[in-house]
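Undergrad: Below is a structure I'd like to ask you about.
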Amino acid sequence: PGMPACCRGRCIVGACWFLMCAASAAVTPLRHNYYALRHGQSLANVEGVISSDPAVACNHHGLSETGLQQARRAAEAVCAEALSTGVDGVAIVSSDFKRAWQTAQAVHTAVIARGLSCVPASAVCAETLLRERSFGTLSGGPDSRYADVWVHDAVSATHTEFGSEPVTSVRERAWGVVERLEAELPGRCMVVLVAHGDVLQILQTRFACVDPRTHRSLPHLETATLRRLSLPLGAGAG
């Protein structure tokens with residue numbers, strides 16, 4: 001009583017997201033341990049620009065010197081986590097955008113140097129479905145414009161303002177990677193998903209079983225930060 005109709009609607013939708021996700025998790029617990037790793041500081045971060053166009057980001061806007069140092073520290077964090085959790089191997093799956101790819105390569109180098117098993121042993125797995133969310137006409141412009149998209153995200157997970165990719169599309173493609181890895185990877189692996197701010201923030205809503213419109217309310221994932229992604233109520237592997 002007393003709750004505005006718009007708020008009641010949001011609460012109902014949020015509850016539906018949780019119930020659907022929780023039901024799925026209860027039936028199909030994850031076999032592997034999943035981690036989000038945002039790329040290290042990039043030249044785009046330094047320049048303060050949005051870089052979501054594959055034609056640009058696959059070849060430019062790699063890591064800054066600070067970003068390379070961050071990637072090496074993140075790589076050590078991955079090795080320490082793999083050792084402490086006793087997994088069968090480490091699978092490094094990365095966006096093919098240059099900044100993410102360089103971060104993933106640093107992780108791969110460290111894993112091999114520490115004598116840990118890498119799955120596959122020879123290389124990082126390139127995954128275009130982990131590319132940064134498209135920000136449409138805002139790509140190439142100032143990163144202060146992210147907020148202009150996020151304000152619409154909070155209202156609609158399907159909006160395409162400024163030609164941006166809908167939140168639901170990002171969530172579905174990123175979760176699709178998880179589902180495929182569950183089916184394809186052997187044993188029990190530590191899966192490191194090396195990607196970008198919005199992709200990983202939105203993917204976290206699927207693991208947390210919350211309304212995807214709330215992705216900006218989840219703890220912010222800083223550059224080169226490793227974060228465990230688990231389904232609620234201990235449903236995830238590990």
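Chain lettering (A, B, ...) mirrors the order of the structure tokens, residue numbering begins at 1 for each chain separately, and ligand numbering begins at 1 in order of display.
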So that I can check the surroundings of stretch 161-172 of chain A, please list as a ChimeraX atom specification every protein, DNA and RNA residue that reaches within 6 Å of it, counting only C-alpha atoms and ignoring chain neighbours fewer than 4 positions away.

TA: /A:134-137,157,176,202-203

Undergrad: Would you export the selected residues with N, CA, C and O atoms as a short mmCIF file (atom, residue, chain, number, x, y, z; two decimals), in the first residue's frame, please?

TA:
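This is the output file out.cif:
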data_model
loop_
_atom_site.label_atom_id
_atom_site.label_comp_id
_atom_site.auth_asym_id
_atom_site.auth_seq_id
_atom_site.Cartn_x
_atom_site.Cartn_y
_atom_site.Cartn_z
N SER A 134 28.13 -2.13 -27.92
CA SER A 134 28.17 -1.05 -28.89
C SER A 134 27.44 0.17 -28.34
O SER A 134 26.31 0.06 -27.86
N PHE A 135 28.12 1.31 -28.41
CA PHE A 135 27.50 2.56 -27.97
C PHE A 135 27.08 3.42 -29.15
O PHE A 135 26.88 4.63 -29.01
N GLY A 136 26.94 2.79 -30.30
CA GLY A 136 26.36 3.45 -31.46
C GLY A 136 27.07 4.74 -31.85
O GLY A 136 28.29 4.78 -31.99
N THR A 137 26.29 5.78 -32.00
CA THR A 137 26.83 7.07 -32.47
C THR A 137 27.74 7.74 -31.44
O THR A 137 28.45 8.68 -31.76
N ALA A 157 15.60 -2.23 -20.49
CA ALA A 157 16.71 -3.10 -20.85
C ALA A 157 16.74 -3.38 -22.35
O ALA A 157 17.65 -4.05 -22.84
N GLY A 176 25.53 -16.62 -23.15
CA GLY A 176 25.67 -17.69 -24.13
C GLY A 176 27.08 -18.26 -24.15
O GLY A 176 27.28 -19.46 -24.36
N ILE A 202 26.95 -6.08 -16.91
CA ILE A 202 25.66 -6.65 -17.29
C ILE A 202 25.64 -8.16 -17.07
O ILE A 202 24.65 -8.72 -16.61
N LEU A 203 26.75 -8.83 -17.39
CA LEU A 203 26.83 -10.28 -17.14
C LEU A 203 26.66 -10.59 -15.66
O LEU A 203 26.05 -11.61 -15.29
#

Undergrad: Can you list, as JSON, numbers by chain, every residue of stretch 69-238 of chain A that DSSP puts in alpha helix (DSSP H)?

TA: {"A": [69, 70, 71, 72, 73, 74, 75, 76, 77, 78, 79, 80, 81, 82, 83, 84, 85, 98, 99, 100, 101, 102, 103, 104, 105, 106, 107, 108, 109, 110, 111, 112, 113, 146, 147, 148, 149, 150, 151, 152, 153, 167, 168, 169, 170, 171, 172, 173, 174, 175, 176, 177, 178, 179, 180, 181, 182, 183, 184, 197, 198, 199, 200, 201, 202, 203, 204, 205, 206, 207, 208]}

Undergrad: May I have the residues from that selection written out with C-alpha atoms, as an mmCIF file, in the first residue's frame?

TA:
data_model
loop_
_atom_site.group_PDB
_atom_site.id
_atom_site.type_symbol
_atom_site.label_atom_id
_atom_site.label_comp_id
_atom_site.auth_asym_id
_atom_site.auth_seq_id
_atom_site.Cartn_x
_atom_site.Cartn_y
_atom_site.Cartn_z
ATOM 1 C CA GLN A 69 51.496 -3.229 -15.292
ATOM 2 C CA GLN A 70 47.919 -3.754 -14.104
ATOM 3 C CA ALA A 71 47.542 -6.738 -16.439
ATOM 4 C CA ARG A 72 50.662 -8.376 -15.020
ATOM 5 C CA ARG A 73 49.369 -7.912 -11.473
ATOM 6 C CA ALA A 74 45.997 -9.322 -12.483
ATOM 7 C CA ALA A 75 47.791 -12.302 -14.017
ATOM 8 C CA GLU A 76 49.415 -13.061 -10.670
ATOM 9 C CA ALA A 77 46.006 -12.835 -9.001
ATOM 10 C CA VAL A 78 44.663 -15.391 -11.484
ATOM 11 C CA CYS A 79 47.542 -17.776 -10.751
ATOM 12 C CA ALA A 80 47.071 -17.427 -6.996
ATOM 13 C CA GLU A 81 43.347 -18.110 -7.299
ATOM 14 C CA ALA A 82 43.896 -21.148 -9.504
ATOM 15 C CA LEU A 83 46.364 -22.601 -7.020
ATOM 16 C CA SER A 84 44.116 -21.962 -4.030
ATOM 17 C CA THR A 85 41.001 -23.491 -5.590
ATOM 18 C CA LYS A 98 43.118 -5.000 -28.405
ATOM 19 C CA ARG A 99 42.951 -3.814 -24.792
ATOM 20 C CA ALA A 100 41.285 -7.026 -23.609
ATOM 21 C CA TRP A 101 43.460 -9.255 -25.769
ATOM 22 C CA GLN A 102 46.684 -7.767 -24.368
ATOM 23 C CA THR A 103 45.364 -8.281 -20.842
ATOM 24 C CA ALA A 104 44.482 -11.896 -21.622
ATOM 25 C CA GLN A 105 47.914 -12.531 -23.134
ATOM 26 C CA ALA A 106 49.554 -11.319 -19.922
ATOM 27 C CA VAL A 107 47.425 -13.784 -17.957
ATOM 28 C CA HIS A 108 48.263 -16.639 -20.323
ATOM 29 C CA THR A 109 51.995 -15.916 -20.060
ATOM 30 C CA ALA A 110 51.842 -15.958 -16.257
ATOM 31 C CA VAL A 111 49.777 -19.165 -16.097
ATOM 32 C CA ILE A 112 52.245 -21.009 -18.320
ATOM 33 C CA ALA A 113 55.232 -19.573 -16.421
ATOM 34 C CA TYR A 146 28.278 6.702 -21.049
ATOM 35 C CA ALA A 147 25.968 8.145 -18.433
ATOM 36 C CA ASP A 148 23.544 9.251 -21.145
ATOM 37 C CA VAL A 149 23.043 5.612 -22.094
ATOM 38 C CA TRP A 150 22.970 4.305 -18.534
ATOM 39 C CA VAL A 151 20.116 6.596 -17.561
ATOM 40 C CA HIS A 152 18.012 4.887 -20.232
ATOM 41 C CA ASP A 153 19.266 1.443 -19.126
ATOM 42 C CA VAL A 167 21.184 -4.445 -22.278
ATOM 43 C CA THR A 168 19.238 -7.645 -22.973
ATOM 44 C CA SER A 169 21.347 -8.317 -26.080
ATOM 45 C CA VAL A 170 24.594 -7.887 -24.152
ATOM 46 C CA ARG A 171 23.390 -10.144 -21.359
ATOM 47 C CA GLU A 172 22.196 -12.870 -23.713
ATOM 48 C CA ARG A 173 25.381 -13.026 -25.767
ATOM 49 C CA ALA A 174 27.672 -12.983 -22.719
ATOM 50 C CA TRP A 175 25.641 -15.664 -20.921
ATOM 51 C CA GLY A 176 25.674 -17.689 -24.130
ATOM 52 C CA VAL A 177 29.459 -17.860 -23.802
ATOM 53 C CA VAL A 178 29.095 -19.281 -20.296
ATOM 54 C CA GLU A 179 26.587 -21.894 -21.465
ATOM 55 C CA ARG A 180 28.857 -22.983 -24.310
ATOM 56 C CA LEU A 181 31.902 -23.243 -22.047
ATOM 57 C CA GLU A 182 29.902 -25.333 -19.587
ATOM 58 C CA ALA A 183 29.236 -27.798 -22.379
ATOM 59 C CA GLU A 184 32.668 -27.804 -24.014
ATOM 60 C CA GLY A 197 33.145 -2.619 -18.305
ATOM 61 C CA ASP A 198 29.565 -2.744 -19.545
ATOM 62 C CA VAL A 199 29.693 -6.338 -20.772
ATOM 63 C CA LEU A 200 30.924 -7.613 -17.418
ATOM 64 C CA GLN A 201 28.657 -5.360 -15.343
ATOM 65 C CA ILE A 202 25.663 -6.647 -17.295
ATOM 66 C CA LEU A 203 26.826 -10.276 -17.142
ATOM 67 C CA GLN A 204 27.029 -9.944 -13.365
ATOM 68 C CA THR A 205 23.265 -9.357 -13.280
ATOM 69 C CA ARG A 206 22.727 -12.802 -14.816
ATOM 70 C CA PHE A 207 24.941 -14.479 -12.238
ATOM 71 C CA ALA A 208 23.305 -12.500 -9.425
#

Undergrad: So that I can check the surroundings of A:Ser117, please list as a PyMOL selection string every protein, DNA and RNA residue that reaches within 10 Å of it, counting only C-alpha atoms and ignoring chain neighbours fewer than 2 positions away.

TA: chain A and resi 82+87-91+111-112+114-115+119-121+189

Undergrad: Restrict the selected residues to N, CA and C atoms and save them as a PDB file, in the first residue's frame.

TA:
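out-v3.pdb written:
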ATOM      1  N   ALA A  82      43.906 -19.796  -8.947  1.00  0.00           N
ATOM      2  CA  ALA A  82      43.896 -21.148  -9.504  1.00  0.00           C
ATOM      3  C   ALA A  82      44.554 -22.139  -8.548  1.00  0.00           C
ATOM      4  N   VAL A  87      41.737 -26.157  -9.182  1.00  0.00           N
ATOM      5  CA  VAL A  87      41.037 -26.501 -10.423  1.00  0.00           C
ATOM      6  C   VAL A  87      41.928 -27.354 -11.327  1.00  0.00           C
ATOM      7  N   ASP A  88      41.298 -27.989 -12.317  1.00  0.00           N
ATOM      8  CA  ASP A  88      42.039 -28.839 -13.246  1.00  0.00           C
ATOM      9  C   ASP A  88      42.832 -28.033 -14.267  1.00  0.00           C
ATOM     10  N   GLY A  89      42.393 -26.822 -14.526  1.00  0.00           N
ATOM     11  CA  GLY A  89      43.084 -25.988 -15.505  1.00  0.00           C
ATOM     12  C   GLY A  89      42.480 -24.600 -15.546  1.00  0.00           C
ATOM     13  N   VAL A  90      43.142 -23.704 -16.266  1.00  0.00           N
ATOM     14  CA  VAL A  90      42.682 -22.322 -16.417  1.00  0.00           C
ATOM     15  C   VAL A  90      42.330 -22.081 -17.881  1.00  0.00           C
ATOM     16  N   ALA A  91      41.106 -21.659 -18.134  1.00  0.00           N
ATOM     17  CA  ALA A  91      40.666 -21.300 -19.482  1.00  0.00           C
ATOM     18  C   ALA A  91      40.555 -19.782 -19.559  1.00  0.00           C
ATOM     19  N   VAL A 111      50.278 -17.823 -16.405  1.00  0.00           N
ATOM     20  CA  VAL A 111      49.777 -19.165 -16.097  1.00  0.00           C
ATOM     21  C   VAL A 111      50.774 -20.226 -16.572  1.00  0.00           C
ATOM     22  N   ILE A 112      51.272 -20.061 -17.777  1.00  0.00           N
ATOM     23  CA  ILE A 112      52.245 -21.009 -18.320  1.00  0.00           C
ATOM     24  C   ILE A 112      53.548 -20.952 -17.518  1.00  0.00           C
ATOM     25  N   ARG A 114      53.961 -20.255 -14.453  1.00  0.00           N
ATOM     26  CA  ARG A 114      53.794 -20.862 -13.132  1.00  0.00           C
ATOM     27  C   ARG A 114      53.587 -22.375 -13.207  1.00  0.00           C
ATOM     28  N   GLY A 115      53.594 -22.911 -14.406  1.00  0.00           N
ATOM     29  CA  GLY A 115      53.441 -24.350 -14.560  1.00  0.00           C
ATOM     30  C   GLY A 115      52.020 -24.849 -14.388  1.00  0.00           C
ATOM     31  N   VAL A 119      43.839 -24.291 -20.619  1.00  0.00           N
ATOM     32  CA  VAL A 119      42.908 -24.999 -21.497  1.00  0.00           C
ATOM     33  C   VAL A 119      42.330 -24.013 -22.526  1.00  0.00           C
ATOM     34  N   PRO A 120      42.693 -24.135 -23.820  1.00  0.00           N
ATOM     35  CA  PRO A 120      43.721 -25.025 -24.357  1.00  0.00           C
ATOM     36  C   PRO A 120      45.112 -24.511 -23.993  1.00  0.00           C
ATOM     37  N   ALA A 121      46.107 -25.375 -24.085  1.00  0.00           N
ATOM     38  CA  ALA A 121      47.450 -25.014 -23.627  1.00  0.00           C
ATOM     39  C   ALA A 121      48.118 -23.974 -24.501  1.00  0.00           C
ATOM     40  N   CYS A 189      37.259 -26.252 -14.456  1.00  0.00           N
ATOM     41  CA  CYS A 189      38.223 -25.204 -14.810  1.00  0.00           C
ATOM     42  C   CYS A 189      37.940 -23.886 -14.105  1.00  0.00           C
TER      43      CYS A 189
END

Undergrad: Using DSSP assignments from the backbone, pull out every residue in stretch 32-155 of chain A that falls under strand (DSSP E or B) and give it to me as an NGL selection string.

TA: :A and (33-38 or 42 or 49 or 63 or 89-94 or 118 or 125-126 or 142)

Undergrad: May I have the selected residues written with N, CA and C atoms, as a PDB file, in the first residue's frame?

TA:
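And here's result_30.pdb as it stands now:
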ATOM      1  N   ASN A  33      34.365 -22.701 -12.452  1.00  0.00           N
ATOM      2  CA  ASN A  33      34.424 -21.462 -11.673  1.00  0.00           C
ATOM      3  C   ASN A  33      34.656 -20.298 -12.626  1.00  0.00           C
ATOM      4  N   TYR A  34      33.766 -19.336 -12.605  1.00  0.00           N
ATOM      5  CA  TYR A  34      33.849 -18.216 -13.547  1.00  0.00           C
ATOM      6  C   TYR A  34      34.315 -16.936 -12.859  1.00  0.00           C
ATOM      7  N   TYR A  35      35.145 -16.190 -13.588  1.00  0.00           N
ATOM      8  CA  TYR A  35      35.695 -14.928 -13.082  1.00  0.00           C
ATOM      9  C   TYR A  35      35.620 -13.861 -14.162  1.00  0.00           C
ATOM     10  N   ALA A  36      35.251 -12.667 -13.754  1.00  0.00           N
ATOM     11  CA  ALA A  36      35.300 -11.513 -14.650  1.00  0.00           C
ATOM     12  C   ALA A  36      36.654 -10.830 -14.463  1.00  0.00           C
ATOM     13  N   LEU A  37      37.282 -10.484 -15.569  1.00  0.00           N
ATOM     14  CA  LEU A  37      38.512  -9.691 -15.522  1.00  0.00           C
ATOM     15  C   LEU A  37      38.388  -8.583 -16.551  1.00  0.00           C
ATOM     16  N   ARG A  38      38.191  -7.388 -16.069  1.00  0.00           N
ATOM     17  CA  ARG A  38      38.158  -6.236 -16.966  1.00  0.00           C
ATOM     18  C   ARG A  38      39.584  -5.929 -17.416  1.00  0.00           C
ATOM     19  N   SER A  42      43.404   1.355 -20.665  1.00  0.00           N
ATOM     20  CA  SER A  42      43.668   1.418 -22.102  1.00  0.00           C
ATOM     21  C   SER A  42      43.981   2.854 -22.531  1.00  0.00           C
ATOM     22  N   VAL A  49      37.878   8.566 -24.221  1.00  0.00           N
ATOM     23  CA  VAL A  49      36.959   8.353 -25.334  1.00  0.00           C
ATOM     24  C   VAL A  49      36.284   6.991 -25.235  1.00  0.00           C
ATOM     25  N   LEU A  63      46.610  -1.326 -24.384  1.00  0.00           N
ATOM     26  CA  LEU A  63      46.901  -0.946 -23.009  1.00  0.00           C
ATOM     27  C   LEU A  63      47.946   0.166 -22.938  1.00  0.00           C
ATOM     28  N   GLY A  89      42.393 -26.822 -14.526  1.00  0.00           N
ATOM     29  CA  GLY A  89      43.084 -25.988 -15.505  1.00  0.00           C
ATOM     30  C   GLY A  89      42.480 -24.600 -15.546  1.00  0.00           C
ATOM     31  N   VAL A  90      43.142 -23.704 -16.266  1.00  0.00           N
ATOM     32  CA  VAL A  90      42.682 -22.322 -16.417  1.00  0.00           C
ATOM     33  C   VAL A  90      42.330 -22.081 -17.881  1.00  0.00           C
ATOM     34  N   ALA A  91      41.106 -21.659 -18.134  1.00  0.00           N
ATOM     35  CA  ALA A  91      40.666 -21.300 -19.482  1.00  0.00           C
ATOM     36  C   ALA A  91      40.555 -19.782 -19.559  1.00  0.00           C
ATOM     37  N   ILE A  92      41.290 -19.184 -20.482  1.00  0.00           N
ATOM     38  CA  ILE A  92      41.286 -17.729 -20.633  1.00  0.00           C
ATOM     39  C   ILE A  92      40.525 -17.403 -21.906  1.00  0.00           C
ATOM     40  N   VAL A  93      39.380 -16.766 -21.749  1.00  0.00           N
ATOM     41  CA  VAL A  93      38.492 -16.471 -22.874  1.00  0.00           C
ATOM     42  C   VAL A  93      38.351 -14.953 -22.953  1.00  0.00           C
ATOM     43  N   SER A  94      38.727 -14.384 -24.101  1.00  0.00           N
ATOM     44  CA  SER A  94      38.846 -12.936 -24.172  1.00  0.00           C
ATOM     45  C   SER A  94      38.150 -12.317 -25.381  1.00  0.00           C
ATOM     46  N   CYS A 118      46.811 -24.851 -18.797  1.00  0.00           N
ATOM     47  CA  CYS A 118      45.965 -23.889 -19.500  1.00  0.00           C
ATOM     48  C   CYS A 118      45.118 -24.655 -20.512  1.00  0.00           C
ATOM     49  N   CYS A 125      41.608 -18.032 -25.870  1.00  0.00           N
ATOM     50  CA  CYS A 125      40.448 -18.245 -26.742  1.00  0.00           C
ATOM     51  C   CYS A 125      39.809 -16.894 -27.078  1.00  0.00           C
ATOM     52  N   ALA A 126      39.827 -16.529 -28.342  1.00  0.00           N
ATOM     53  CA  ALA A 126      39.209 -15.270 -28.772  1.00  0.00           C
ATOM     54  C   ALA A 126      37.698 -15.457 -28.863  1.00  0.00           C
ATOM     55  N   PRO A 142      33.397  11.518 -26.243  1.00  0.00           N
ATOM     56  CA  PRO A 142      33.863  11.543 -24.848  1.00  0.00           C
ATOM     57  C   PRO A 142      33.184  10.495 -23.983  1.00  0.00           C
TER      58      PRO A 142
END

Undergrad: Just the number, please: distance in Å from atom CA of A:His32 to atom CA of A:Gly187, one decimal.

TA: 8.0 Å

Undergrad: With a distance cut-off of 10 Å and only C-alpha atoms, select the neighbouring residues of A:Ser144, excluding the residue or stretch itself and same-chain residues fewer than 5 positions from it, and output the selection as a PDB file with N, CA and C atoms, in the first residue's frame.

TA:
ATOM      1  N   GLY A  48      40.075   9.400 -22.654  1.00  0.00           N
ATOM      2  CA  GLY A  48      38.711   9.739 -22.254  1.00  0.00           C
ATOM      3  C   GLY A  48      37.703   9.602 -23.375  1.00  0.00           C
ATOM      4  N   VAL A  49      37.878   8.566 -24.221  1.00  0.00           N
ATOM      5  CA  VAL A  49      36.959   8.353 -25.334  1.00  0.00           C
ATOM      6  C   VAL A  49      36.284   6.991 -25.235  1.00  0.00           C
ATOM      7  N   ILE A  50      35.119   6.889 -25.842  1.00  0.00           N
ATOM      8  CA  ILE A  50      34.397   5.624 -25.940  1.00  0.00           C
ATOM      9  C   ILE A  50      34.937   4.867 -27.146  1.00  0.00           C
ATOM     10  N   LEU A 138      27.734   7.237 -30.205  1.00  0.00           N
ATOM     11  CA  LEU A 138      28.578   7.830 -29.171  1.00  0.00           C
ATOM     12  C   LEU A 138      30.014   7.303 -29.227  1.00  0.00           C
TER      13      LEU A 138
END

Undergrad: In Å, how far is it from atom CA of A:Arg227 to atom CA of A:Val192?

TA: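 So the answer is 9.3 Å.
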
Undergrad: Please report the interatomic distance between atom CA of A:Leu130 and atom CA of A:His61 in Å with one decimal.

TA: 16.6 Å

Undergrad: In terms of the shortest atom-to-atom distance over only C-alpha atoms, which of A:Asn59, A:Ser156, A:Ser64, A:Ser122 is closest to A:Glu47?

TA: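 Nearest candidate to A:Glu47 out of A:Asn59, A:Ser156, A:Ser64, A:Ser122: A:Ser64.
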